[in-house]
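Engineer: There's a structure below that I have some questions on.
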Amino acid sequence: MTDATIASPLQRLRTVLDDAVLNVTGGERPRSAPSLERPKQAAHGDFATNAAMLLPKIVGAAPPMIAERLTVALQEHLGDALREVEVAGPGFLNLRLSDAWLDAALADVVAAGERFGAAGVAVPEAIHLEYVSNNPTGPVHIGGARGAAFGSGLANLLDFHGHRVHREYYVNDFGNQVALFGASLQARARGEEPPEEGYQGSYVADVAAEIPDAATRPVDEVAVAGIALMVARQKASLERFRTTFDRWFSERSLHQPRDPAEGSAEPRPSEVDEAFGVLAEQGRSFEQDGALWLRTTESGDDKDRVMRRADGRPTYFASDVAYHYDKRVRGFDRVIDVLGADHHGYIHRLKAAFVALGGDEDRIEILITQFVNLFEDGERAKMSKRAGEFVALDELVDDIGVDAARWYLLARSHDTTIDLDLAEAREQSQENPVYYVQYAHARIRSILQRAADGEVTGAREGDDEADASTAIVDGERELLLALLAWPDEVAEAADRRAPHRIATYALALARQYSAFYRDCPVLAAGVPDEVRARRLDLCRATAAVLAAALGILGVDAPERM
RNA sequence: GCGCCCGUAGCUCAGUGGAUAGAGCGUCCGCCUCCGGAGCGGAAGGUCGAAGGUUCGAAUCCUUCCGGGCGCGCCA
């Protein structure tokens with residue numbers, strides 16, 4: 001079975017519902033697709049739909065009346081699979097499915113294994129995803145940590161959903177900050193203080209010590225060597241944080257002439273110059289006061305932006321323009337930039353550049369991650385007091401661990417500020433949500449291992465009084481319904497660029513499993529074989545979905561803890 | 001002043017048109033003859049910042065206002 005042929009049980013049910021709707025309307029579709037979701041209350045059935053309430057204008061009848069007609073249509077389509085339908089409230093249709101349907105659905109889930117819920121996207125895209133992009137003149141700081149958690153989580157999520165994701169880090173290795181970094185390194189190598197506006201962090205001396213002859217070499221060579229070392233350090237920090245990239249894109253490369261095209265001896269102009277040429281051709285740029293400007297106001301910016309100063313030096317924005325030119329030329333279906341909150345003012349100008357260079361406005365998304373405030377027992381935390389440094393990603397990971405750090409940074413929507421209490425994430429780690437989910441996974445794996453070893457535990461008190469019925473009980477049903485929601489959760493989270501939804505879902509599923517674990521013995525003697533088989537399947541499916549969810553979040557799914 | 005984000009339980013946060021608004025932590029009361037107690041059950045706790053509006057229906061959409069964060073360079 002390939003990914004493309006994995007149709008989720010719920011998806012098939014939705015198709016039936018759509019058919020029923022078309023039957024009732026005579027072929028016309030409602031403006032918005034009918035919902036098909038688990039109702040909040042168990043009394044409202046396995047699934048509920050608002051379909052009847054979307055159709056009054058089309059059908060010319062009141063929702064309850066339409067619901068009755070939908071009921072008939074659904075009964076025709078589903079037959080015995082449908083155990084019960086009721087019209088409730090303002091026109092909701094509450095569906096209850098038969099054991100046979102549920103068993104078949106479970107079989108589908110188990111067959112799909114860890115790929116259940118994967119590759120569900122209707123139109124896969126090649127997506128360029130840029131995230132973190134810290135300056136290479138210091139360690140990855142807490143803002144970068146959030147960008148890393150969100151960016152890598154989003155990349156994993158989009159990938160799981162069926163897109164092709166290219167992960168990229170933009171290295172700002174160009175401009176006067178690089179020169180300043182070089183000067184700071186050389187000063188440290190000579191045992192001097194860095195320049196007034198230079199880099200003061202303690203890491204500067206460490207890096208300087210790794211550069212041969214740093215005290216005497218030309219300062220620009222020191223700068224280049226220093227940047228290379230810093231990038232390597234960032235790479236190591238990020239890999240430890242389970243955040244990787246397909247490419248580390250050099251800003252400097254945008255300013256350098258490129259190798260000749262095939263069959264030519266002439267070097268090609270830099271991408272900056274080429275982008276400038278395209279913009280001039282398109283009439284998107286203009287010269288004023290000797291400077292070269294881009295008309296970013298056409299994309300909602302509050303003023304136009306300079307790309308090249310009167311003295312010929314490019315601005316930082318020139319690099320952005322060329323970088324987005326490069327992204328566009330590389331031929332992705334979509335470009336997503338993940339930026340920190342302090343860059344939200346750049347949204348318009350980046351979109352303007354992308355569009356001016358021939359990109360489609362709907363093909364670029366700029367996502368802003370909000371700030372992270374660290375607390376320690378309710379007080380503002382001061383982790384790194386070394387001058388000139390923000391709290392480093394490494395320190396955070398040393399303190400609370402990769403799994404907790406990723407969970408806390410990824411379990412919340414990217415556009416809300418996070419107040420992270422380190423004492424809570426660290427000292428109460430035993431009761432941390434992330435460990436709760438991991439525990440559920442480890443516990444299931446343990447049961448599955450025992451089952452594989454042929455273990456049967458003693459009958460539990462009360463078990464022998466139970467009849468030998470093989471009907472699906474509430475604990476099984478609720479867990480299965482939670483599992484069936486997984487593909488929808490993935491689709492929703494991916495479409496909304498909201499990996500935090502995966503964390504919310506994983507926690508809810510782990511809770512649901514706990515209820516099942518409490519009420520439904522798997523290995524106990526006296527459990528009918530058919531029931532044990534079903535419960536083992538539920539265990540297998542839950543473990544697979546938890547592992548997939550944790551995998552998206554970049555959190556370990558341990559076999560034992 | 002203008003722009004972006006946020007305002008939901010004591011705290012941290014889910015919930016972007018559906019039925020009685022949820023979780024974790026914290027607090028209180030219970031549960032280890034039982035597949036992993038890193039667990040389970042229960043309780044208390046909410047004018048969803050405020051006021052209008054749209055709708056059969058609003059935490060969710062619109063308007064205004066009030067709080068908080070961030071940004072408004074020919075710096076990078």
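Residue numbers start at 1 in each chain; chains themselves are named A, B, ... in the order of the structure tokens; ligands are numbered from 1 in the order shown.
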With a cut-off of 9 Å and counting only C-alpha atoms (C1' of nucleotides), select all residues of chain B in contact with chain A and give the selection as an MDAnalysis selection string.

Structural biologist: chainID B and resid 3:6 12:14 18:20 23:25 34:36 38:40 56:57 69:72 74:76

Engineer: Which of segment 283-514 of chain A counts as strand (DSSP E) under DSSP, as a PyMOL selection string please?

Structural biologist: chain A and resi 285-288+291-294+305-308+334-340+364-369+372-376+379-380+418-421

Engineer: Write out the residues from the selection above, keeping C-alpha atoms, as a short mmCIF file (atom, residue, chain, number, x, y, z; two decimals), in the first residue's frame.

Structural biologist:
data_model
loop_
_atom_site.label_atom_id
_atom_site.label_comp_id
_atom_site.auth_asym_id
_atom_site.auth_seq_id
_atom_site.Cartn_x
_atom_site.Cartn_y
_atom_site.Cartn_z
CA SER A 285 12.92 50.28 -8.98
CA PHE A 286 13.84 53.92 -9.36
CA GLU A 287 16.74 56.25 -8.67
CA GLN A 288 16.44 59.18 -6.34
CA ALA A 291 20.32 55.94 -4.50
CA LEU A 292 18.49 52.94 -5.99
CA TRP A 293 15.06 52.27 -4.47
CA LEU A 294 12.44 49.54 -4.62
CA ARG A 305 13.22 51.19 0.60
CA VAL A 306 16.78 51.87 -0.52
CA MET A 307 18.67 48.97 -2.06
CA ARG A 308 21.89 50.77 -3.08
CA ARG A 334 6.05 28.18 -2.17
CA VAL A 335 8.43 30.21 -0.04
CA ILE A 336 7.98 30.44 3.72
CA ASP A 337 10.16 32.73 5.84
CA VAL A 338 10.10 32.24 9.60
CA LEU A 339 11.27 35.44 11.27
CA GLY A 340 11.52 36.72 14.82
CA ILE A 364 5.23 33.67 -0.21
CA GLU A 365 4.39 33.52 3.46
CA ILE A 366 6.17 35.34 6.25
CA LEU A 367 5.57 33.82 9.66
CA ILE A 368 6.56 35.73 12.77
CA THR A 369 7.49 33.94 15.98
CA VAL A 372 10.19 34.06 24.69
CA ASN A 373 10.46 35.31 28.26
CA LEU A 374 12.29 33.04 30.65
CA PHE A 375 11.25 32.90 34.29
CA GLU A 376 12.71 31.16 37.29
CA GLU A 379 11.07 35.82 38.57
CA ARG A 380 12.54 36.98 35.29
CA ILE A 418 5.79 32.50 25.65
CA ASP A 419 6.45 32.87 29.35
CA LEU A 420 8.57 29.85 30.10
CA ASP A 421 9.20 29.01 33.74
#

Engineer: Ranking A:Arg242, A:Glu130, A:Ala353, A:Glu271 by minimum distance to Thr297 of chain A and counting only C-alpha atoms, which one comes first?

Structural biologist: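 Among the listed residues, the smallest separation from Thr297 of chain A belongs to A:Ala353.
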
Engineer: I'd like the contact shell of Ile552 of chain A - 6 Å cut-off, only C-alpha atoms (C1' of nucleotides), skipping same-chain residues fewer than 4 positions apart - returned as number ranges by chain.

Structural biologist: A: 153, 156-157

Engineer: Please dump the current selection as a CSV table (one decimal), in the first residue's frame; keep N, CA and C atoms.

Structural biologist:
chain,number,residue,atom,x,y,z
A,153,GLY,N,9.8,22.0,13.5
A,153,GLY,CA,8.6,21.4,13.7
A,153,GLY,C,7.6,21.5,12.5
A,156,ASN,N,8.9,19.4,9.6
A,156,ASN,CA,8.5,18.0,9.8
A,156,ASN,C,7.0,17.8,9.5
A,157,LEU,N,6.2,18.7,10.0
A,157,LEU,CA,4.8,18.6,9.8
A,157,LEU,C,4.4,18.7,8.3

Engineer: Any idea what's packed within 8 Å of segment 60-67 of chain B, counting only C-alpha atoms (C1' of nucleotides), ignoring anything in its chain fewer than 3 positions away? Could you give it as a PDB file with all heavy atoms, in the first residue's frame?

Structural biologist:
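Below is the file that was written, out.pdb:
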ATOM      1  P     G B   7      -5.045  36.036  22.875  1.00  0.00           P
ATOM      2  OP1   G B   7      -5.331  34.618  23.180  1.00  0.00           O
ATOM      3  OP2   G B   7      -5.807  36.724  21.810  1.00  0.00           O
ATOM      4  O5'   G B   7      -5.198  36.889  24.211  1.00  0.00           O
ATOM      5  C5'   G B   7      -4.448  36.527  25.368  1.00  0.00           C
ATOM      6  C4'   G B   7      -4.734  37.502  26.490  1.00  0.00           C
ATOM      7  O4'   G B   7      -4.492  38.855  26.009  1.00  0.00           O
ATOM      8  C3'   G B   7      -6.165  37.466  27.004  1.00  0.00           C
ATOM      9  O3'   G B   7      -6.193  37.588  28.421  1.00  0.00           O
ATOM     10  C2'   G B   7      -6.809  38.699  26.394  1.00  0.00           C
ATOM     11  O2'   G B   7      -7.786  39.277  27.240  1.00  0.00           O
ATOM     12  C1'   G B   7      -5.623  39.657  26.267  1.00  0.00           C
ATOM     13  N9    G B   7      -5.808  40.590  25.154  1.00  0.00           N
ATOM     14  C8    G B   7      -5.664  40.338  23.828  1.00  0.00           C
ATOM     15  N7    G B   7      -5.923  41.378  23.075  1.00  0.00           N
ATOM     16  C5    G B   7      -6.253  42.368  23.965  1.00  0.00           C
ATOM     17  C6    G B   7      -6.623  43.722  23.748  1.00  0.00           C
ATOM     18  O6    G B   7      -6.736  44.306  22.673  1.00  0.00           O
ATOM     19  N1    G B   7      -6.887  44.391  24.931  1.00  0.00           N
ATOM     20  C2    G B   7      -6.797  43.840  26.186  1.00  0.00           C
ATOM     21  N2    G B   7      -7.072  44.635  27.211  1.00  0.00           N
ATOM     22  N3    G B   7      -6.442  42.575  26.419  1.00  0.00           N
ATOM     23  C4    G B   7      -6.190  41.914  25.260  1.00  0.00           C
ATOM     24  P     U B  16      -9.756  27.006  16.259  1.00  0.00           P
ATOM     25  OP1   U B  16      -9.416  25.991  15.279  1.00  0.00           O
ATOM     26  OP2   U B  16      -8.775  28.025  16.650  1.00  0.00           O
ATOM     27  O5'   U B  16     -11.060  27.720  15.734  1.00  0.00           O
ATOM     28  C5'   U B  16     -11.593  28.904  16.332  1.00  0.00           C
ATOM     29  C4'   U B  16     -11.745  30.005  15.316  1.00  0.00           C
ATOM     30  O4'   U B  16     -10.518  30.760  15.192  1.00  0.00           O
ATOM     31  C3'   U B  16     -12.007  29.577  13.873  1.00  0.00           C
ATOM     32  O3'   U B  16     -13.378  29.292  13.674  1.00  0.00           O
ATOM     33  C2'   U B  16     -11.597  30.806  13.098  1.00  0.00           C
ATOM     34  O2'   U B  16     -12.585  31.808  13.121  1.00  0.00           O
ATOM     35  C1'   U B  16     -10.391  31.282  13.892  1.00  0.00           C
ATOM     36  N1    U B  16      -9.115  30.824  13.317  1.00  0.00           N
ATOM     37  C2    U B  16      -8.671  31.498  12.176  1.00  0.00           C
ATOM     38  O2    U B  16      -9.286  32.402  11.664  1.00  0.00           O
ATOM     39  N3    U B  16      -7.478  31.030  11.683  1.00  0.00           N
ATOM     40  C4    U B  16      -6.716  30.007  12.173  1.00  0.00           C
ATOM     41  O4    U B  16      -5.681  29.724  11.613  1.00  0.00           O
ATOM     42  C5    U B  16      -7.257  29.368  13.352  1.00  0.00           C
ATOM     43  C6    U B  16      -8.408  29.791  13.862  1.00  0.00           C
ATOM     44  P     G B  17     -13.955  29.100  12.158  1.00  0.00           P
ATOM     45  OP1   G B  17     -13.899  27.682  11.813  1.00  0.00           O
ATOM     46  OP2   G B  17     -13.375  30.093  11.247  1.00  0.00           O
ATOM     47  O5'   G B  17     -15.463  29.513  12.428  1.00  0.00           O
ATOM     48  C5'   G B  17     -15.781  30.029  13.708  1.00  0.00           C
ATOM     49  C4'   G B  17     -17.173  29.637  14.070  1.00  0.00           C
ATOM     50  O4'   G B  17     -18.045  30.792  13.849  1.00  0.00           O
ATOM     51  C3'   G B  17     -17.761  28.495  13.236  1.00  0.00           C
ATOM     52  O3'   G B  17     -18.488  27.610  14.060  1.00  0.00           O
ATOM     53  C2'   G B  17     -18.729  29.182  12.289  1.00  0.00           C
ATOM     54  O2'   G B  17     -19.797  28.386  11.907  1.00  0.00           O
ATOM     55  C1'   G B  17     -19.179  30.354  13.149  1.00  0.00           C
ATOM     56  N9    G B  17     -19.773  31.454  12.428  1.00  0.00           N
ATOM     57  C8    G B  17     -19.560  31.907  11.152  1.00  0.00           C
ATOM     58  N7    G B  17     -20.321  32.911  10.824  1.00  0.00           N
ATOM     59  C5    G B  17     -21.102  33.124  11.971  1.00  0.00           C
ATOM     60  C6    G B  17     -22.124  34.063  12.213  1.00  0.00           C
ATOM     61  O6    G B  17     -22.567  34.938  11.458  1.00  0.00           O
ATOM     62  N1    G B  17     -22.637  33.939  13.499  1.00  0.00           N
ATOM     63  C2    G B  17     -22.237  33.009  14.409  1.00  0.00           C
ATOM     64  N2    G B  17     -22.834  33.023  15.592  1.00  0.00           N
ATOM     65  N3    G B  17     -21.272  32.110  14.200  1.00  0.00           N
ATOM     66  C4    G B  17     -20.772  32.230  12.950  1.00  0.00           C
ATOM     67  P     G B  49     -11.192  37.980  26.345  1.00  0.00           P
ATOM     68  OP1   G B  49     -11.956  38.278  25.122  1.00  0.00           O
ATOM     69  OP2   G B  49      -9.805  37.512  26.289  1.00  0.00           O
ATOM     70  O5'   G B  49     -11.242  39.288  27.256  1.00  0.00           O
ATOM     71  C5'   G B  49     -10.953  39.202  28.655  1.00  0.00           C
ATOM     72  C4'   G B  49     -10.985  40.595  29.228  1.00  0.00           C
ATOM     73  O4'   G B  49      -9.842  41.343  28.723  1.00  0.00           O
ATOM     74  C3'   G B  49     -12.192  41.423  28.814  1.00  0.00           C
ATOM     75  O3'   G B  49     -13.308  41.170  29.633  1.00  0.00           O
ATOM     76  C2'   G B  49     -11.666  42.845  28.952  1.00  0.00           C
ATOM     77  O2'   G B  49     -11.633  43.244  30.302  1.00  0.00           O
ATOM     78  C1'   G B  49     -10.224  42.668  28.451  1.00  0.00           C
ATOM     79  N9    G B  49     -10.109  42.887  27.004  1.00  0.00           N
ATOM     80  C8    G B  49      -9.674  41.984  26.060  1.00  0.00           C
ATOM     81  N7    G B  49      -9.675  42.477  24.845  1.00  0.00           N
ATOM     82  C5    G B  49     -10.142  43.771  25.001  1.00  0.00           C
ATOM     83  C6    G B  49     -10.352  44.791  24.043  1.00  0.00           C
ATOM     84  O6    G B  49     -10.171  44.740  22.823  1.00  0.00           O
ATOM     85  N1    G B  49     -10.833  45.959  24.617  1.00  0.00           N
ATOM     86  C2    G B  49     -11.084  46.123  25.951  1.00  0.00           C
ATOM     87  N2    G B  49     -11.554  47.317  26.319  1.00  0.00           N
ATOM     88  N3    G B  49     -10.884  45.184  26.868  1.00  0.00           N
ATOM     89  C4    G B  49     -10.415  44.042  26.324  1.00  0.00           C
ATOM     90  P     A B  50     -14.783  41.205  28.963  1.00  0.00           P
ATOM     91  OP1   A B  50     -15.747  40.710  29.972  1.00  0.00           O
ATOM     92  OP2   A B  50     -14.729  40.567  27.626  1.00  0.00           O
ATOM     93  O5'   A B  50     -15.021  42.760  28.756  1.00  0.00           O
ATOM     94  C5'   A B  50     -15.096  43.637  29.881  1.00  0.00           C
ATOM     95  C4'   A B  50     -15.446  45.015  29.409  1.00  0.00           C
ATOM     96  O4'   A B  50     -14.348  45.565  28.633  1.00  0.00           O
ATOM     97  C3'   A B  50     -16.632  45.078  28.455  1.00  0.00           C
ATOM     98  O3'   A B  50     -17.877  45.069  29.140  1.00  0.00           O
ATOM     99  C2'   A B  50     -16.376  46.384  27.721  1.00  0.00           C
ATOM    100  O2'   A B  50     -16.727  47.500  28.511  1.00  0.00           O
ATOM    101  C1'   A B  50     -14.857  46.346  27.568  1.00  0.00           C
ATOM    102  N9    A B  50     -14.447  45.726  26.302  1.00  0.00           N
ATOM    103  C8    A B  50     -14.000  44.445  26.089  1.00  0.00           C
ATOM    104  N7    A B  50     -13.692  44.198  24.833  1.00  0.00           N
ATOM    105  C5    A B  50     -13.969  45.391  24.178  1.00  0.00           C
ATOM    106  C6    A B  50     -13.846  45.780  22.831  1.00  0.00           C
ATOM    107  N6    A B  50     -13.409  44.973  21.868  1.00  0.00           N
ATOM    108  N1    A B  50     -14.194  47.038  22.510  1.00  0.00           N
ATOM    109  C2    A B  50     -14.635  47.857  23.482  1.00  0.00           C
ATOM    110  N3    A B  50     -14.785  47.606  24.789  1.00  0.00           N
ATOM    111  C4    A B  50     -14.425  46.344  25.072  1.00  0.00           C
ATOM    112  P     A B  51     -19.167  44.460  28.414  1.00  0.00           P
ATOM    113  OP1   A B  51     -20.237  44.376  29.443  1.00  0.00           O
ATOM    114  OP2   A B  51     -18.763  43.257  27.663  1.00  0.00           O
ATOM    115  O5'   A B  51     -19.546  45.599  27.372  1.00  0.00           O
ATOM    116  C5'   A B  51     -19.768  46.926  27.816  1.00  0.00           C
ATOM    117  C4'   A B  51     -19.901  47.840  26.629  1.00  0.00           C
ATOM    118  O4'   A B  51     -18.629  47.958  25.943  1.00  0.00           O
ATOM    119  C3'   A B  51     -20.848  47.342  25.550  1.00  0.00           C
ATOM    120  O3'   A B  51     -22.207  47.572  25.874  1.00  0.00           O
ATOM    121  C2'   A B  51     -20.371  48.146  24.342  1.00  0.00           C
ATOM    122  O2'   A B  51     -20.835  49.481  24.389  1.00  0.00           O
ATOM    123  C1'   A B  51     -18.858  48.129  24.554  1.00  0.00           C
ATOM    124  N9    A B  51     -18.221  47.021  23.835  1.00  0.00           N
ATOM    125  C8    A B  51     -17.936  45.758  24.285  1.00  0.00           C
ATOM    126  N7    A B  51     -17.371  44.984  23.386  1.00  0.00           N
ATOM    127  C5    A B  51     -17.278  45.793  22.270  1.00  0.00           C
ATOM    128  C6    A B  51     -16.772  45.571  20.975  1.00  0.00           C
ATOM    129  N6    A B  51     -16.243  44.420  20.576  1.00  0.00           N
ATOM    130  N1    A B  51     -16.827  46.591  20.093  1.00  0.00           N
ATOM    131  C2    A B  51     -17.360  47.753  20.489  1.00  0.00           C
ATOM    132  N3    A B  51     -17.873  48.089  21.671  1.00  0.00           N
ATOM    133  C4    A B  51     -17.803  47.055  22.526  1.00  0.00           C
ATOM    134  P     G B  52     -23.342  46.860  24.991  1.00  0.00           P
ATOM    135  OP1   G B  52     -24.618  46.949  25.716  1.00  0.00           O
ATOM    136  OP2   G B  52     -22.835  45.534  24.550  1.00  0.00           O
ATOM    137  O5'   G B  52     -23.410  47.799  23.708  1.00  0.00           O
ATOM    138  C5'   G B  52     -24.007  47.332  22.553  1.00  0.00           C
ATOM    139  C4'   G B  52     -23.511  48.124  21.366  1.00  0.00           C
ATOM    140  O4'   G B  52     -22.058  48.225  21.420  1.00  0.00           O
ATOM    141  C3'   G B  52     -23.786  47.437  20.050  1.00  0.00           C
ATOM    142  O3'   G B  52     -25.113  47.682  19.614  1.00  0.00           O
ATOM    143  C2'   G B  52     -22.707  48.012  19.145  1.00  0.00           C
ATOM    144  O2'   G B  52     -23.004  49.334  18.750  1.00  0.00           O
ATOM    145  C1'   G B  52     -21.526  48.009  20.119  1.00  0.00           C
ATOM    146  N9    G B  52     -20.870  46.696  20.118  1.00  0.00           N
ATOM    147  C8    G B  52     -20.799  45.790  21.154  1.00  0.00           C
ATOM    148  N7    G B  52     -20.158  44.694  20.853  1.00  0.00           N
ATOM    149  C5    G B  52     -19.772  44.882  19.526  1.00  0.00           C
ATOM    150  C6    G B  52     -19.041  44.040  18.653  1.00  0.00           C
ATOM    151  O6    G B  52     -18.579  42.914  18.884  1.00  0.00           O
ATOM    152  N1    G B  52     -18.870  44.619  17.398  1.00  0.00           N
ATOM    153  C2    G B  52     -19.341  45.852  17.035  1.00  0.00           C
ATOM    154  N2    G B  52     -19.081  46.236  15.792  1.00  0.00           N
ATOM    155  N3    G B  52     -20.023  46.657  17.833  1.00  0.00           N
ATOM    156  C4    G B  52     -20.201  46.114  19.060  1.00  0.00           C
ATOM    157  P     G B  53     -26.017  46.406  19.300  1.00  0.00           P
ATOM    158  OP1   G B  53     -27.416  46.884  19.179  1.00  0.00           O
ATOM    159  OP2   G B  53     -25.683  45.328  20.263  1.00  0.00           O
ATOM    160  O5'   G B  53     -25.490  45.987  17.859  1.00  0.00           O
ATOM    161  C5'   G B  53     -25.419  46.977  16.832  1.00  0.00           C
ATOM    162  C4'   G B  53     -24.510  46.529  15.724  1.00  0.00           C
ATOM    163  O4'   G B  53     -23.180  46.253  16.234  1.00  0.00           O
ATOM    164  C3'   G B  53     -24.891  45.222  15.032  1.00  0.00           C
ATOM    165  O3'   G B  53     -25.955  45.389  14.119  1.00  0.00           O
ATOM    166  C2'   G B  53     -23.578  44.868  14.343  1.00  0.00           C
ATOM    167  O2'   G B  53     -23.376  45.646  13.189  1.00  0.00           O
ATOM    168  C1'   G B  53     -22.560  45.281  15.414  1.00  0.00           C
ATOM    169  N9    G B  53     -22.145  44.131  16.224  1.00  0.00           N
ATOM    170  C8    G B  53     -22.427  43.886  17.549  1.00  0.00           C
ATOM    171  N7    G B  53     -21.894  42.766  17.981  1.00  0.00           N
ATOM    172  C5    G B  53     -21.242  42.245  16.866  1.00  0.00           C
ATOM    173  C6    G B  53     -20.498  41.051  16.710  1.00  0.00           C
ATOM    174  O6    G B  53     -20.244  40.174  17.540  1.00  0.00           O
ATOM    175  N1    G B  53     -20.018  40.906  15.409  1.00  0.00           N
ATOM    176  C2    G B  53     -20.229  41.803  14.394  1.00  0.00           C
ATOM    177  N2    G B  53     -19.691  41.506  13.204  1.00  0.00           N
ATOM    178  N3    G B  53     -20.920  42.926  14.523  1.00  0.00           N
ATOM    179  C4    G B  53     -21.390  43.078  15.776  1.00  0.00           C
ATOM    180  P     U B  54     -26.949  44.169  13.834  1.00  0.00           P
ATOM    181  OP1   U B  54     -28.057  44.681  13.012  1.00  0.00           O
ATOM    182  OP2   U B  54     -27.209  43.503  15.138  1.00  0.00           O
ATOM    183  O5'   U B  54     -26.065  43.196  12.939  1.00  0.00           O
ATOM    184  C5'   U B  54     -25.565  43.627  11.681  1.00  0.00           C
ATOM    185  C4'   U B  54     -24.757  42.527  11.029  1.00  0.00           C
ATOM    186  O4'   U B  54     -23.541  42.303  11.794  1.00  0.00           O
ATOM    187  C3'   U B  54     -25.422  41.159  11.022  1.00  0.00           C
ATOM    188  O3'   U B  54     -26.341  41.036   9.937  1.00  0.00           O
ATOM    189  C2'   U B  54     -24.233  40.222  10.882  1.00  0.00           C
ATOM    190  O2'   U B  54     -23.754  40.190   9.551  1.00  0.00           O
ATOM    191  C1'   U B  54     -23.195  40.930  11.758  1.00  0.00           C
ATOM    192  N1    U B  54     -23.189  40.405  13.141  1.00  0.00           N
ATOM    193  C2    U B  54     -22.497  39.237  13.365  1.00  0.00           C
ATOM    194  O2    U B  54     -21.910  38.639  12.486  1.00  0.00           O
ATOM    195  N3    U B  54     -22.519  38.789  14.661  1.00  0.00           N
ATOM    196  C4    U B  54     -23.160  39.383  15.730  1.00  0.00           C
ATOM    197  O4    U B  54     -23.091  38.857  16.847  1.00  0.00           O
ATOM    198  C5    U B  54     -23.868  40.581  15.415  1.00  0.00           C
ATOM    199  C6    U B  54     -23.859  41.048  14.152  1.00  0.00           C
TER     200        U B  54
END

Engineer: List as an MDAnalysis selection string the protein and nucleic acid residues near Leu70 of chain A, meaning an atom at most 8 Å away when only C-alpha atoms (C1' of nucleotides) are counted, but skip any in the same chain fewer than 4 places from it.

Structural biologist: chainID A and resid 20:21 24 52 66 74

Engineer: Output N, CA and C atoms for every residue in that selection, as a PDB file, in the first residue's frame.

Structural biologist:
ATOM      1  N   ALA A  20     -24.515  12.225   0.240  1.00  0.00           N
ATOM      2  CA  ALA A  20     -25.849  12.382   0.814  1.00  0.00           C
ATOM      3  C   ALA A  20     -26.337  13.821   0.650  1.00  0.00           C
ATOM      4  N   VAL A  21     -25.419  14.751   0.853  1.00  0.00           N
ATOM      5  CA  VAL A  21     -25.765  16.169   0.705  1.00  0.00           C
ATOM      6  C   VAL A  21     -26.181  16.464  -0.733  1.00  0.00           C
ATOM      7  N   VAL A  24     -29.636  15.323  -1.528  1.00  0.00           N
ATOM      8  CA  VAL A  24     -30.690  16.176  -0.967  1.00  0.00           C
ATOM      9  C   VAL A  24     -30.811  17.504  -1.710  1.00  0.00           C
ATOM     10  N   ALA A  52     -26.978  19.836   7.671  1.00  0.00           N
ATOM     11  CA  ALA A  52     -28.355  20.297   7.466  1.00  0.00           C
ATOM     12  C   ALA A  52     -28.477  21.809   7.677  1.00  0.00           C
ATOM     13  N   ILE A  66     -34.425  19.163   6.674  1.00  0.00           N
ATOM     14  CA  ILE A  66     -33.328  18.723   5.816  1.00  0.00           C
ATOM     15  C   ILE A  66     -32.578  17.574   6.472  1.00  0.00           C
ATOM     16  N   LEU A  74     -28.287   8.952   4.191  1.00  0.00           N
ATOM     17  CA  LEU A  74     -27.141   8.325   4.863  1.00  0.00           C
ATOM     18  C   LEU A  74     -27.421   6.853   5.137  1.00  0.00           C
TER      19      LEU A  74
END

Engineer: Excluding same-chain residues fewer than 3 positions from Arg240 of chain A, what lies within 9 Å of it counting only C-alpha atoms (C1' of nucleotides), as a short mmCIF file (atom, residue, chain, number, x, y, z; two decimals) with C-alpha atoms, in the first residue's frame?

Structural biologist:
data_model
loop_
_atom_site.label_atom_id
_atom_site.label_comp_id
_atom_site.auth_asym_id
_atom_site.auth_seq_id
_atom_site.Cartn_x
_atom_site.Cartn_y
_atom_site.Cartn_z
CA LYS A 235 25.27 24.06 13.49
CA ALA A 236 26.35 21.88 16.41
CA SER A 237 23.96 23.62 18.82
CA THR A 243 17.16 21.12 14.00
CA ASP A 394 22.86 25.58 24.60
CA VAL A 397 19.11 22.63 26.56
CA VAL A 402 16.06 18.82 24.45
#

Engineer: Near C48 of chain B, counting only C-alpha atoms (C1' of nucleotides), which residues have an atom at most 9 Å away, once you skip same-chain residues fewer than 5 positions from it, shown as number ranges by chain?

Structural biologist: B: 8, 21, 59

Engineer: Could those selected residues go to a file with C-alpha atoms (C1' of nucleotides), as a compact mmCIF listing (two decimals), in the first residue's frame?

Structural biologist:
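And here's again.txt as it stands now:
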# COMPACT_ATOMS: atom_id res chain seq x y z
C1' U B 8 -9.76 32.73 27.86
C1' A B 21 -15.63 26.93 26.66
C1' A B 59 -14.21 33.21 22.63
